[in-house]
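Asker: The file below is run_20.cif, mmCIF, C-alpha atoms; chains and numbers go by the auth columns:
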```
data_input
loop_
_atom_site.group_PDB
_atom_site.id
_atom_site.type_symbol
_atom_site.label_atom_id
_atom_site.label_comp_id
_atom_site.label_asym_id
_atom_site.label_seq_id
_atom_site.Cartn_x
_atom_site.Cartn_y
_atom_site.Cartn_z
_atom_site.B_iso_or_equiv
_atom_site.auth_seq_id
_atom_site.auth_asym_id
ATOM 1 C CA MET A 1 -12.142 1.084 14.027 0.00 1 T
ATOM 2 C CA ILE A 2 -12.373 -2.404 15.547 0.00 2 T
ATOM 3 C CA GLU A 3 -15.841 -2.789 13.993 0.00 3 T
ATOM 4 C CA LEU A 4 -14.392 -2.063 10.539 0.00 4 T
ATOM 5 C CA LEU A 5 -11.623 -4.602 11.133 0.00 5 T
ATOM 6 C CA ARG A 6 -14.194 -7.173 12.223 0.00 6 T
ATOM 7 C CA LYS A 7 -16.219 -6.640 9.028 0.00 7 T
ATOM 8 C CA ARG A 8 -13.333 -6.353 6.571 0.00 8 T
ATOM 9 C CA ARG A 9 -13.090 -9.226 4.095 0.00 9 T
ATOM 10 C CA SER A 10 -11.544 -9.515 0.658 0.00 10 T
ATOM 11 C CA ILE A 11 -14.273 -8.945 -1.920 0.00 11 T
ATOM 12 C CA ARG A 12 -13.691 -10.432 -5.362 0.00 12 T
ATOM 13 C CA ARG A 13 -17.177 -10.007 -6.857 0.00 13 T
ATOM 14 C CA PHE A 14 -18.618 -6.598 -7.536 0.00 14 T
ATOM 15 C CA LYS A 15 -21.945 -5.189 -8.652 0.00 15 T
ATOM 16 C CA ASP A 16 -22.002 -3.474 -12.019 0.00 16 T
ATOM 17 C CA THR A 17 -22.587 -0.131 -10.302 0.00 17 T
ATOM 18 C CA PRO A 18 -20.384 2.917 -10.803 0.00 18 T
ATOM 19 C CA ILE A 19 -18.893 4.532 -7.720 0.00 19 T
ATOM 20 C CA GLU A 20 -20.142 8.045 -7.084 0.00 20 T
ATOM 21 C CA GLN A 21 -17.569 10.837 -7.516 0.00 21 T
ATOM 22 C CA GLY A 22 -18.029 11.861 -3.876 0.00 22 T
ATOM 23 C CA LYS A 23 -16.959 8.417 -2.700 0.00 23 T
ATOM 24 C CA THR A 24 -13.987 8.362 -5.069 0.00 24 T
ATOM 25 C CA ASP A 25 -12.972 11.752 -3.677 0.00 25 T
ATOM 26 C CA ILE A 26 -13.116 10.340 -0.133 0.00 26 T
ATOM 27 C CA LEU A 27 -10.829 7.462 -1.187 0.00 27 T
ATOM 28 C CA LYS A 28 -8.373 9.949 -2.703 0.00 28 T
ATOM 29 C CA GLU A 29 -8.341 11.972 0.497 0.00 29 T
ATOM 30 C CA ALA A 30 -7.828 8.827 2.582 0.00 30 T
ATOM 31 C CA ALA A 31 -4.832 7.848 0.440 0.00 31 T
ATOM 32 C CA LEU A 32 -3.269 11.290 0.839 0.00 32 T
ATOM 33 C CA ARG A 33 -3.884 11.300 4.613 0.00 33 T
ATOM 34 C CA SER A 34 -2.144 7.972 5.156 0.00 34 T
ATOM 35 C CA PRO A 35 0.998 8.047 7.287 0.00 35 T
ATOM 36 C CA THR A 36 4.367 8.220 5.616 0.00 36 T
ATOM 37 C CA SER A 37 7.839 7.859 7.114 0.00 37 T
ATOM 38 C CA LYS A 38 9.535 11.202 7.788 0.00 38 T
ATOM 39 C CA ASN A 39 6.568 12.831 6.001 0.00 39 T
ATOM 40 C CA LEU A 40 8.392 12.196 2.707 0.00 40 T
ATOM 41 C CA HIS A 41 5.361 10.882 0.782 0.00 41 T
ATOM 42 C CA SER A 42 7.154 8.105 -1.062 0.00 42 T
ATOM 43 C CA TRP A 43 3.829 6.901 -2.458 0.00 43 T
ATOM 44 C CA ASP A 44 1.740 7.875 -5.482 0.00 44 T
ATOM 45 C CA PHE A 45 -1.666 6.610 -6.564 0.00 45 T
ATOM 46 C CA ILE A 46 -3.373 6.043 -9.891 0.00 46 T
ATOM 47 C CA PHE A 47 -7.171 5.822 -9.787 0.00 47 T
ATOM 48 C CA ILE A 48 -8.441 3.893 -12.806 0.00 48 T
ATOM 49 C CA ASP A 49 -12.108 3.756 -13.795 0.00 49 T
ATOM 50 C CA ASP A 50 -11.644 3.108 -17.512 0.00 50 T
ATOM 51 C CA LYS A 51 -13.067 -0.390 -18.143 0.00 51 T
ATOM 52 C CA GLU A 52 -10.639 -1.179 -20.969 0.00 52 T
ATOM 53 C CA THR A 53 -7.620 -0.312 -18.817 0.00 53 T
ATOM 54 C CA ILE A 54 -9.013 -2.256 -15.847 0.00 54 T
ATOM 55 C CA GLY A 55 -9.484 -5.221 -18.185 0.00 55 T
ATOM 56 C CA LYS A 56 -5.816 -5.111 -19.165 0.00 56 T
ATOM 57 C CA LEU A 57 -4.714 -4.757 -15.533 0.00 57 T
ATOM 58 C CA ALA A 58 -6.818 -7.819 -14.663 0.00 58 T
ATOM 59 C CA ASN A 59 -4.183 -9.865 -16.517 0.00 59 T
ATOM 60 C CA ALA A 60 -1.311 -8.672 -14.303 0.00 60 T
ATOM 61 C CA ARG A 61 -1.320 -11.911 -12.323 0.00 61 T
ATOM 62 C CA ASN A 62 -3.274 -14.093 -14.752 0.00 62 T
ATOM 63 C CA GLN A 63 -5.994 -16.052 -12.884 0.00 63 T
ATOM 64 C CA SER A 64 -5.054 -14.515 -9.513 0.00 64 T
ATOM 65 C CA SER A 65 -6.127 -11.060 -10.681 0.00 65 T
ATOM 66 C CA ALA A 66 -8.848 -11.920 -13.221 0.00 66 T
ATOM 67 C CA PHE A 67 -11.636 -10.828 -10.847 0.00 67 T
ATOM 68 C CA LEU A 68 -10.417 -7.223 -11.223 0.00 68 T
ATOM 69 C CA LYS A 69 -12.368 -7.072 -14.522 0.00 69 T
ATOM 70 C CA GLU A 70 -15.604 -6.806 -12.516 0.00 70 T
ATOM 71 C CA ALA A 71 -14.461 -3.879 -10.361 0.00 71 T
ATOM 72 C CA PRO A 72 -15.612 -0.399 -11.358 0.00 72 T
ATOM 73 C CA LEU A 73 -12.491 1.114 -9.792 0.00 73 T
ATOM 74 C CA CYS A 74 -8.874 0.025 -9.584 0.00 74 T
ATOM 75 C CA LEU A 75 -6.266 1.780 -7.507 0.00 75 T
ATOM 76 C CA ALA A 76 -2.600 1.297 -8.344 0.00 76 T
ATOM 77 C CA VAL A 77 -0.523 1.941 -5.233 0.00 77 T
ATOM 78 C CA LEU A 78 3.040 2.955 -6.062 0.00 78 T
ATOM 79 C CA GLY A 79 6.208 3.606 -4.143 0.00 79 T
ATOM 80 C CA CYS A 80 9.289 5.539 -5.168 0.00 80 T
ATOM 81 C CA GLU A 81 12.525 3.838 -4.157 0.00 81 T
ATOM 82 C CA GLU A 82 14.477 7.086 -4.483 0.00 82 T
ATOM 83 C CA VAL A 83 12.381 9.025 -1.960 0.00 83 T
ATOM 84 C CA ASN A 84 12.731 6.820 1.100 0.00 84 T
ATOM 85 C CA ASP A 85 13.827 3.305 1.997 0.00 85 T
ATOM 86 C CA THR A 86 10.381 2.758 3.568 0.00 86 T
ATOM 87 C CA TRP A 87 8.524 3.081 0.250 0.00 87 T
ATOM 88 C CA ILE A 88 7.085 -0.438 0.561 0.00 88 T
ATOM 89 C CA GLU A 89 5.799 0.195 4.076 0.00 89 T
ATOM 90 C CA ASP A 90 4.424 3.641 3.206 0.00 90 T
ATOM 91 C CA ALA A 91 2.552 2.301 0.167 0.00 91 T
ATOM 92 C CA SER A 92 1.254 -0.732 2.080 0.00 92 T
ATOM 93 C CA ILE A 93 -0.085 1.410 4.903 0.00 93 T
ATOM 94 C CA ALA A 94 -1.797 3.691 2.393 0.00 94 T
ATOM 95 C CA ALA A 95 -3.389 0.692 0.670 0.00 95 T
ATOM 96 C CA ILE A 96 -4.972 -0.653 3.858 0.00 96 T
ATOM 97 C CA ILE A 97 -6.100 2.850 4.860 0.00 97 T
ATOM 98 C CA VAL A 98 -7.920 3.081 1.510 0.00 98 T
ATOM 99 C CA GLN A 99 -9.398 -0.411 1.969 0.00 99 T
ATOM 100 C CA LEU A 100 -10.759 0.431 5.424 0.00 100 T
ATOM 101 C CA THR A 101 -12.094 3.767 4.170 0.00 101 T
ATOM 102 C CA ALA A 102 -13.804 1.965 1.279 0.00 102 T
ATOM 103 C CA LEU A 103 -15.504 -0.371 3.739 0.00 103 T
ATOM 104 C CA SER A 104 -16.609 2.572 5.895 0.00 104 T
ATOM 105 C CA ILE A 105 -18.473 4.092 2.915 0.00 105 T
ATOM 106 C CA GLY A 106 -20.158 0.879 1.771 0.00 106 T
ATOM 107 C CA LEU A 107 -17.599 -0.393 -0.723 0.00 107 T
ATOM 108 C CA GLY A 108 -15.692 -3.659 -0.869 0.00 108 T
ATOM 109 C CA SER A 109 -12.102 -4.170 -1.937 0.00 109 T
ATOM 110 C CA CYS A 110 -9.386 -6.722 -2.507 0.00 110 T
ATOM 111 C CA TRP A 111 -5.609 -6.356 -2.527 0.00 111 T
ATOM 112 C CA ILE A 112 -3.820 -7.763 -5.581 0.00 112 T
ATOM 113 C CA GLN A 113 -0.128 -8.214 -4.825 0.00 113 T
ATOM 114 C CA ILE A 114 2.061 -6.932 -7.668 0.00 114 T
ATOM 115 C CA ARG A 115 5.498 -6.461 -6.106 0.00 115 T
ATOM 116 C CA ASN A 116 7.636 -9.592 -6.489 0.00 116 T
ATOM 117 C CA ARG A 117 5.041 -11.362 -8.656 0.00 117 T
ATOM 118 C CA MET A 118 5.259 -12.424 -12.290 0.00 118 T
ATOM 119 C CA TYR A 119 3.035 -11.661 -15.265 0.00 119 T
ATOM 120 C CA SER A 120 4.885 -14.227 -17.382 0.00 120 T
ATOM 121 C CA GLU A 121 8.078 -16.209 -17.247 0.00 121 T
ATOM 122 C CA LYS A 122 10.105 -13.175 -18.355 0.00 122 T
ATOM 123 C CA ILE A 123 7.988 -10.154 -17.384 0.00 123 T
ATOM 124 C CA SER A 124 7.223 -9.142 -13.805 0.00 124 T
ATOM 125 C CA SER A 125 3.747 -8.001 -12.828 0.00 125 T
ATOM 126 C CA ASP A 126 5.318 -4.664 -11.894 0.00 126 T
ATOM 127 C CA GLU A 127 6.765 -4.210 -15.396 0.00 127 T
ATOM 128 C CA TYR A 128 3.444 -5.198 -16.972 0.00 128 T
ATOM 129 C CA VAL A 129 1.406 -2.712 -14.914 0.00 129 T
ATOM 130 C CA ARG A 130 3.983 0.074 -15.344 0.00 130 T
ATOM 131 C CA SER A 131 3.851 -0.374 -19.127 0.00 131 T
ATOM 132 C CA ILE A 132 0.040 -0.111 -19.205 0.00 132 T
ATOM 133 C CA LEU A 133 -0.147 2.920 -16.923 0.00 133 T
ATOM 134 C CA GLY A 134 2.959 4.783 -18.127 0.00 134 T
ATOM 135 C CA ILE A 135 4.620 4.713 -14.713 0.00 135 T
ATOM 136 C CA PRO A 136 8.191 6.099 -14.536 0.00 136 T
ATOM 137 C CA ASP A 137 11.065 3.644 -14.051 0.00 137 T
ATOM 138 C CA ASN A 138 11.909 4.829 -10.531 0.00 138 T
ATOM 139 C CA TYR A 139 8.457 3.840 -9.215 0.00 139 T
ATOM 140 C CA ARG A 140 7.332 0.352 -8.240 0.00 140 T
ATOM 141 C CA VAL A 141 3.804 -0.993 -8.080 0.00 141 T
ATOM 142 C CA VAL A 142 3.186 -2.468 -4.649 0.00 142 T
ATOM 143 C CA CYS A 143 -0.390 -3.554 -5.307 0.00 143 T
ATOM 144 C CA LEU A 144 -3.595 -2.976 -7.182 0.00 144 T
ATOM 145 C CA LEU A 145 -6.815 -2.573 -5.225 0.00 145 T
ATOM 146 C CA ALA A 146 -10.067 -3.733 -6.763 0.00 146 T
ATOM 147 C CA ILE A 147 -12.828 -1.507 -5.380 0.00 147 T
ATOM 148 C CA GLY A 148 -16.598 -1.492 -5.848 0.00 148 T
ATOM 149 C CA TYR A 149 -19.978 -2.273 -4.398 0.00 149 T
ATOM 150 C CA PRO A 150 -19.814 -5.839 -3.078 0.00 150 T
ATOM 151 C CA GLY A 151 -21.470 -8.466 -5.219 0.00 151 T
ATOM 152 C CA GLU A 152 -20.947 -11.072 -2.512 0.00 152 T
ATOM 153 C CA GLN A 153 -21.637 -11.255 1.196 0.00 153 T
ATOM 154 C CA LYS A 154 -18.957 -12.641 3.492 0.00 154 T
ATOM 155 C CA GLU A 155 -19.355 -13.241 7.186 0.00 155 T
ATOM 156 C CA PRO A 156 -16.768 -11.822 9.571 0.00 156 T
ATOM 157 C CA VAL A 157 -14.067 -14.191 10.764 0.00 157 T
ATOM 158 C CA PRO A 158 -15.317 -15.507 14.127 0.00 158 T
ATOM 159 C CA PHE A 159 -13.477 -14.250 17.200 0.00 159 T
ATOM 160 C CA GLU A 160 -12.714 -17.845 18.172 0.00 160 T
ATOM 161 C CA SER A 161 -10.993 -18.461 14.821 0.00 161 T
ATOM 162 C CA LEU A 162 -8.430 -15.708 15.280 0.00 162 T
ATOM 163 C CA ARG A 163 -4.835 -16.960 15.456 0.00 163 T
ATOM 164 C CA TRP A 164 -4.264 -16.292 19.138 0.00 164 T
ATOM 165 C CA ASP A 165 -1.140 -18.448 18.948 0.00 165 T
ATOM 166 C CA LYS A 166 0.478 -15.565 17.048 0.00 166 T
ATOM 167 C CA ILE A 167 0.269 -13.263 20.088 0.00 167 T
ATOM 168 C CA HIS A 168 3.269 -13.288 22.435 0.00 168 T
ATOM 169 C CA ILE A 169 3.576 -11.303 25.646 0.00 169 T
ATOM 170 C CA ASN A 170 6.921 -9.846 26.771 0.00 170 T
ATOM 171 C CA LYS A 171 8.978 -12.489 24.912 0.00 171 T
ATOM 172 C CA TRP A 172 8.630 -15.326 22.430 0.00 172 T
#
```
Step by step, read the file and then write its structure as structure tokens.
Answerer:
Amino acid sequence: MIELLRKRRSIRRFKDTPIEQGKTDILKEAALRSPTSKNLHSWDFIFIDDKETIGKLANARNQSSAFLKEAPLCLAVLGCEEVNDTWIEDASIAAIIVQLTALSIGLGSCWIQIRNRMYSEKISSDEYVRSILGIPDNYRVVCLLAIGYPGEQKEPVPFESLRWDKIHINKW
């Protein structure tokens, strides 16, 4: 696991190569195996491989999400507020589990924050994505994940560059 964490980087450029069904199936399984508070499964997932739909979703955060257009796969990670008060945490954990699984099978990914972000002055990114994907009102979109074969190479963050000042032992 530490080797995956050392290699993980946000990938925003993707090759124009479809993802094999077997790999997509692995990502689905990883999402469903992710931990969830009280085993209540407050998350849901929408796997999107339709280029037209991905193109629309790429506008969810304007320039911040434009790179999504290049990805052959987008995963919308949702949480249901009515199921459990830990819906944000459950969905976030599932998203990183999928990202690490993607890396383990040769894919790159990037998290696109949707929750608490705006599509326009009057429309939230959550509302925009829910309208495109037909998501029920009681669900919230935590993030979109852009997933595909990396079209860029990024070096791991050097060990010496880690923020060791953020580690505290026994007290602040």
Asker: Give the answer as one residue: which of T:Gly22, T:Gly55, T:Pro136, T:Gly106 has the shortest atom-to-atom distance to Leu78 of chain T, using all atoms listed in the file?
Answerer: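 Closest to Leu78 of chain T, using all atoms listed in the file: T:Pro136.
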Asker: Applying 12 Å and all atoms listed in the file, which residues near Met1 of chain T remain after dropping the ones on its own chain fewer than 3 positions away? List them as a ChimeraX atom specification.
Answerer: /T:4-8,97,100-101,103-104
Asker: Nearest to Ser125 of chain T among T:Gln153, T:Ser161, T:Asn62, T:Ser109, with distances taken over all atoms listed in the file: which residue is it?
Answerer: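 Result for the nearest residue to Ser125 of chain T: T:Asn62.
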Asker: T:Pro72, T:Pro35, T:Gly79, T:Pro158: which is nearest Thr17 of chain T, counting all atoms listed in the file?
Answerer: T:Pro72
Asker: When you count only C-alpha atoms, which of these residues is closest to Ser124 of chain T: T:Asn59, T:Thr24, T:Ser42, T:Ser92?
Answerer: T:Asn59
Asker: I'd like the neighbourhood of Cys143 of chain T as a list in words, where a residue qualifies if any of its atoms comes within 6 Å (using all atoms listed in the file), though same-chain residues fewer than 2 positions away should be ignored.
Answerer: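 My list of contacting residues is Val77, Ile112, Gln113, Ile114 and Val141 of chain T.
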Asker: Evaluate the PyMOL selection byres ((chain T and resi 9-12) around 8) here and jot the selected residues down as a ChimeraX atom specification.
Answerer: /T:7-8,13-14,67-68,108-111,146,150-152,154,156
Asker: With 6 Å of padding per side, what axis-aligned box (centre and edge lengths, Å, one decimal) covers all the listed atoms of segment 117-136 of chain T? Give it as lines of an AutoDock Vina configuration file.
Answerer:
```
center_x = 5.0
center_y = -5.1
center_z = -13.9
size_x = 22.3
size_y = 34.3
size_z = 22.5
```
Asker: Show which residues sit within 9 Å of Phe47 of chain T, as a ChimeraX atom specification. Count only C-alpha atoms, and ignore same-chain residues fewer than 2 positions away.
Answerer: /T:24,28,45,49,73-77
Asker: Measuring atom to atom with all atoms listed in the file, identify which of T:Arg117, T:Arg33, T:His168, T:Arg140 is nearest to Trp87 of chain T.
Answerer: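 So, comparing all the options, the nearest one is T:Arg140.
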Asker: So how far away is atom CA of Glu89 of chain T from atom CA of Val142 of chain T, in Å?
Answerer: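 Atom-to-atom, atom CA of Val142 of chain T and atom CA of Glu89 of chain T are spaced 9.5 Å apart.
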Asker: For a test of reading the model, state the distance in Å between atom CA of Val157 of chain T and atom CA of Ile2 of chain T, rounded to one decimal.
Answerer: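 Rounded to one decimal, the two atoms are 12.8 Å apart.
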Asker: Please measure the separation of atom CA of Thr53 of chain T and atom CA of Val83 of chain T, giving the value in Å to one decimal.
Answerer: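 Atom CA of Val83 of chain T lies 27.8 Å from atom CA of Thr53 of chain T.
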Asker: Extract, using all atoms listed in the file, all DNA, RNA and protein residues at most 10 Å from Thr86 of chain T, discarding same-chain residues fewer than 5 positions from it, and format them as a ChimeraX atom specification.
Answerer: /T:36-38,40-43,79-81,91-92
Asker: From the coordinates supplied, segment 84-115 of chain T should be written with N, CA and C atoms, as a PDB file, in the first residue's frame.
Answerer:
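For reference, part_36.pdb as written:
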```pdb
ATOM      1  N   ASN T  84     -27.199   8.249   6.550  1.00  0.00           N
ATOM      2  CA  ASN T  84     -26.274   8.335   7.677  1.00  0.00           C
ATOM      3  C   ASN T  84     -25.644   9.721   7.691  1.00  0.00           C
ATOM      4  N   ASP T  85     -25.335  10.218   8.879  1.00  0.00           N
ATOM      5  CA  ASP T  85     -24.710  11.537   8.965  1.00  0.00           C
ATOM      6  C   ASP T  85     -23.247  11.514   8.526  1.00  0.00           C
ATOM      7  N   THR T  86     -22.712  10.342   8.235  1.00  0.00           N
ATOM      8  CA  THR T  86     -21.324  10.235   7.749  1.00  0.00           C
ATOM      9  C   THR T  86     -21.267  10.035   6.230  1.00  0.00           C
ATOM     10  N   TRP T  87     -22.280  10.483   5.520  1.00  0.00           N
ATOM     11  CA  TRP T  87     -22.328  10.285   4.067  1.00  0.00           C
ATOM     12  C   TRP T  87     -21.146  10.924   3.356  1.00  0.00           C
ATOM     13  N   ILE T  88     -20.677  12.061   3.835  1.00  0.00           N
ATOM     14  CA  ILE T  88     -19.525  12.723   3.200  1.00  0.00           C
ATOM     15  C   ILE T  88     -18.276  11.870   3.400  1.00  0.00           C
ATOM     16  N   GLU T  89     -18.064  11.414   4.624  1.00  0.00           N
ATOM     17  CA  GLU T  89     -16.890  10.596   4.915  1.00  0.00           C
ATOM     18  C   GLU T  89     -16.932   9.278   4.148  1.00  0.00           C
ATOM     19  N   ASP T  90     -18.095   8.618   4.162  1.00  0.00           N
ATOM     20  CA  ASP T  90     -18.227   7.340   3.454  1.00  0.00           C
ATOM     21  C   ASP T  90     -17.913   7.495   1.966  1.00  0.00           C
ATOM     22  N   ALA T  91     -18.470   8.530   1.347  1.00  0.00           N
ATOM     23  CA  ALA T  91     -18.245   8.752  -0.088  1.00  0.00           C
ATOM     24  C   ALA T  91     -16.790   9.123  -0.363  1.00  0.00           C
ATOM     25  N   SER T  92     -16.190   9.916   0.515  1.00  0.00           N
ATOM     26  CA  SER T  92     -14.795  10.320   0.329  1.00  0.00           C
ATOM     27  C   SER T  92     -13.851   9.133   0.439  1.00  0.00           C
ATOM     28  N   ILE T  93     -14.102   8.274   1.409  1.00  0.00           N
ATOM     29  CA  ILE T  93     -13.278   7.071   1.551  1.00  0.00           C
ATOM     30  C   ILE T  93     -13.406   6.199   0.308  1.00  0.00           C
ATOM     31  N   ALA T  94     -14.624   6.025  -0.176  1.00  0.00           N
ATOM     32  CA  ALA T  94     -14.835   5.215  -1.377  1.00  0.00           C
ATOM     33  C   ALA T  94     -14.088   5.805  -2.575  1.00  0.00           C
ATOM     34  N   ALA T  95     -14.105   7.128  -2.692  1.00  0.00           N
ATOM     35  CA  ALA T  95     -13.423   7.772  -3.819  1.00  0.00           C
ATOM     36  C   ALA T  95     -11.926   7.486  -3.798  1.00  0.00           C
ATOM     37  N   ILE T  96     -11.284   7.604  -2.647  1.00  0.00           N
ATOM     38  CA  ILE T  96      -9.839   7.364  -2.610  1.00  0.00           C
ATOM     39  C   ILE T  96      -9.526   5.882  -2.787  1.00  0.00           C
ATOM     40  N   ILE T  97     -10.412   5.009  -2.297  1.00  0.00           N
ATOM     41  CA  ILE T  97     -10.223   3.570  -2.531  1.00  0.00           C
ATOM     42  C   ILE T  97     -10.229   3.300  -4.038  1.00  0.00           C
ATOM     43  N   VAL T  98     -11.164   3.905  -4.755  1.00  0.00           N
ATOM     44  CA  VAL T  98     -11.225   3.725  -6.213  1.00  0.00           C
ATOM     45  C   VAL T  98      -9.972   4.312  -6.866  1.00  0.00           C
ATOM     46  N   GLN T  99      -9.519   5.477  -6.409  1.00  0.00           N
ATOM     47  CA  GLN T  99      -8.321   6.078  -6.999  1.00  0.00           C
ATOM     48  C   GLN T  99      -7.093   5.187  -6.802  1.00  0.00           C
ATOM     49  N   LEU T 100      -6.930   4.636  -5.621  1.00  0.00           N
ATOM     50  CA  LEU T 100      -5.777   3.760  -5.371  1.00  0.00           C
ATOM     51  C   LEU T 100      -5.900   2.458  -6.154  1.00  0.00           C
ATOM     52  N   THR T 101      -7.111   1.938  -6.278  1.00  0.00           N
ATOM     53  CA  THR T 101      -7.319   0.735  -7.089  1.00  0.00           C
ATOM     54  C   THR T 101      -6.994   1.021  -8.545  1.00  0.00           C
ATOM     55  N   ALA T 102      -7.432   2.183  -9.040  1.00  0.00           N
ATOM     56  CA  ALA T 102      -7.125   2.564 -10.427  1.00  0.00           C
ATOM     57  C   ALA T 102      -5.618   2.567 -10.649  1.00  0.00           C
ATOM     58  N   LEU T 103      -4.879   3.169  -9.744  1.00  0.00           N
ATOM     59  CA  LEU T 103      -3.427   3.203  -9.862  1.00  0.00           C
ATOM     60  C   LEU T 103      -2.851   1.794  -9.867  1.00  0.00           C
ATOM     61  N   SER T 104      -3.374   0.913  -9.041  1.00  0.00           N
ATOM     62  CA  SER T 104      -2.853  -0.451  -8.942  1.00  0.00           C
ATOM     63  C   SER T 104      -3.050  -1.264 -10.219  1.00  0.00           C
ATOM     64  N   ILE T 105      -3.984  -0.839 -11.080  1.00  0.00           N
ATOM     65  CA  ILE T 105      -4.229  -1.553 -12.342  1.00  0.00           C
ATOM     66  C   ILE T 105      -3.789  -0.737 -13.555  1.00  0.00           C
ATOM     67  N   GLY T 106      -2.917   0.241 -13.326  1.00  0.00           N
ATOM     68  CA  GLY T 106      -2.303   0.977 -14.431  1.00  0.00           C
ATOM     69  C   GLY T 106      -3.053   2.194 -14.916  1.00  0.00           C
ATOM     70  N   LEU T 107      -4.031   2.650 -14.156  1.00  0.00           N
ATOM     71  CA  LEU T 107      -4.809   3.821 -14.553  1.00  0.00           C
ATOM     72  C   LEU T 107      -4.447   5.026 -13.692  1.00  0.00           C
ATOM     73  N   GLY T 108      -4.689   6.206 -14.215  1.00  0.00           N
ATOM     74  CA  GLY T 108      -4.509   7.435 -13.467  1.00  0.00           C
ATOM     75  C   GLY T 108      -5.873   8.020 -13.151  1.00  0.00           C
ATOM     76  N   SER T 109      -5.895   8.949 -12.196  1.00  0.00           N
ATOM     77  CA  SER T 109      -7.166   9.559 -11.820  1.00  0.00           C
ATOM     78  C   SER T 109      -6.942  10.931 -11.213  1.00  0.00           C
ATOM     79  N   CYS T 110      -8.019  11.689 -11.141  1.00  0.00           N
ATOM     80  CA  CYS T 110      -7.981  12.984 -10.470  1.00  0.00           C
ATOM     81  C   CYS T 110      -9.353  13.264  -9.872  1.00  0.00           C
ATOM     82  N   TRP T 111      -9.337  13.717  -8.640  1.00  0.00           N
ATOM     83  CA  TRP T 111     -10.545  14.088  -7.900  1.00  0.00           C
ATOM     84  C   TRP T 111     -10.983  15.477  -8.348  1.00  0.00           C
ATOM     85  N   ILE T 112     -12.251  15.634  -8.655  1.00  0.00           N
ATOM     86  CA  ILE T 112     -12.840  16.936  -8.960  1.00  0.00           C
ATOM     87  C   ILE T 112     -13.877  17.209  -7.875  1.00  0.00           C
ATOM     88  N   GLN T 113     -13.578  18.146  -7.003  1.00  0.00           N
ATOM     89  CA  GLN T 113     -14.484  18.481  -5.907  1.00  0.00           C
ATOM     90  C   GLN T 113     -15.769  19.076  -6.463  1.00  0.00           C
ATOM     91  N   ILE T 114     -16.904  18.554  -6.030  1.00  0.00           N
ATOM     92  CA  ILE T 114     -18.208  19.064  -6.453  1.00  0.00           C
ATOM     93  C   ILE T 114     -18.958  19.667  -5.267  1.00  0.00           C
ATOM     94  N   ARG T 115     -18.940  18.980  -4.142  1.00  0.00           N
ATOM     95  CA  ARG T 115     -19.649  19.458  -2.954  1.00  0.00           C
ATOM     96  C   ARG T 115     -19.125  20.831  -2.541  1.00  0.00           C
TER      97      ARG T 115
END
```
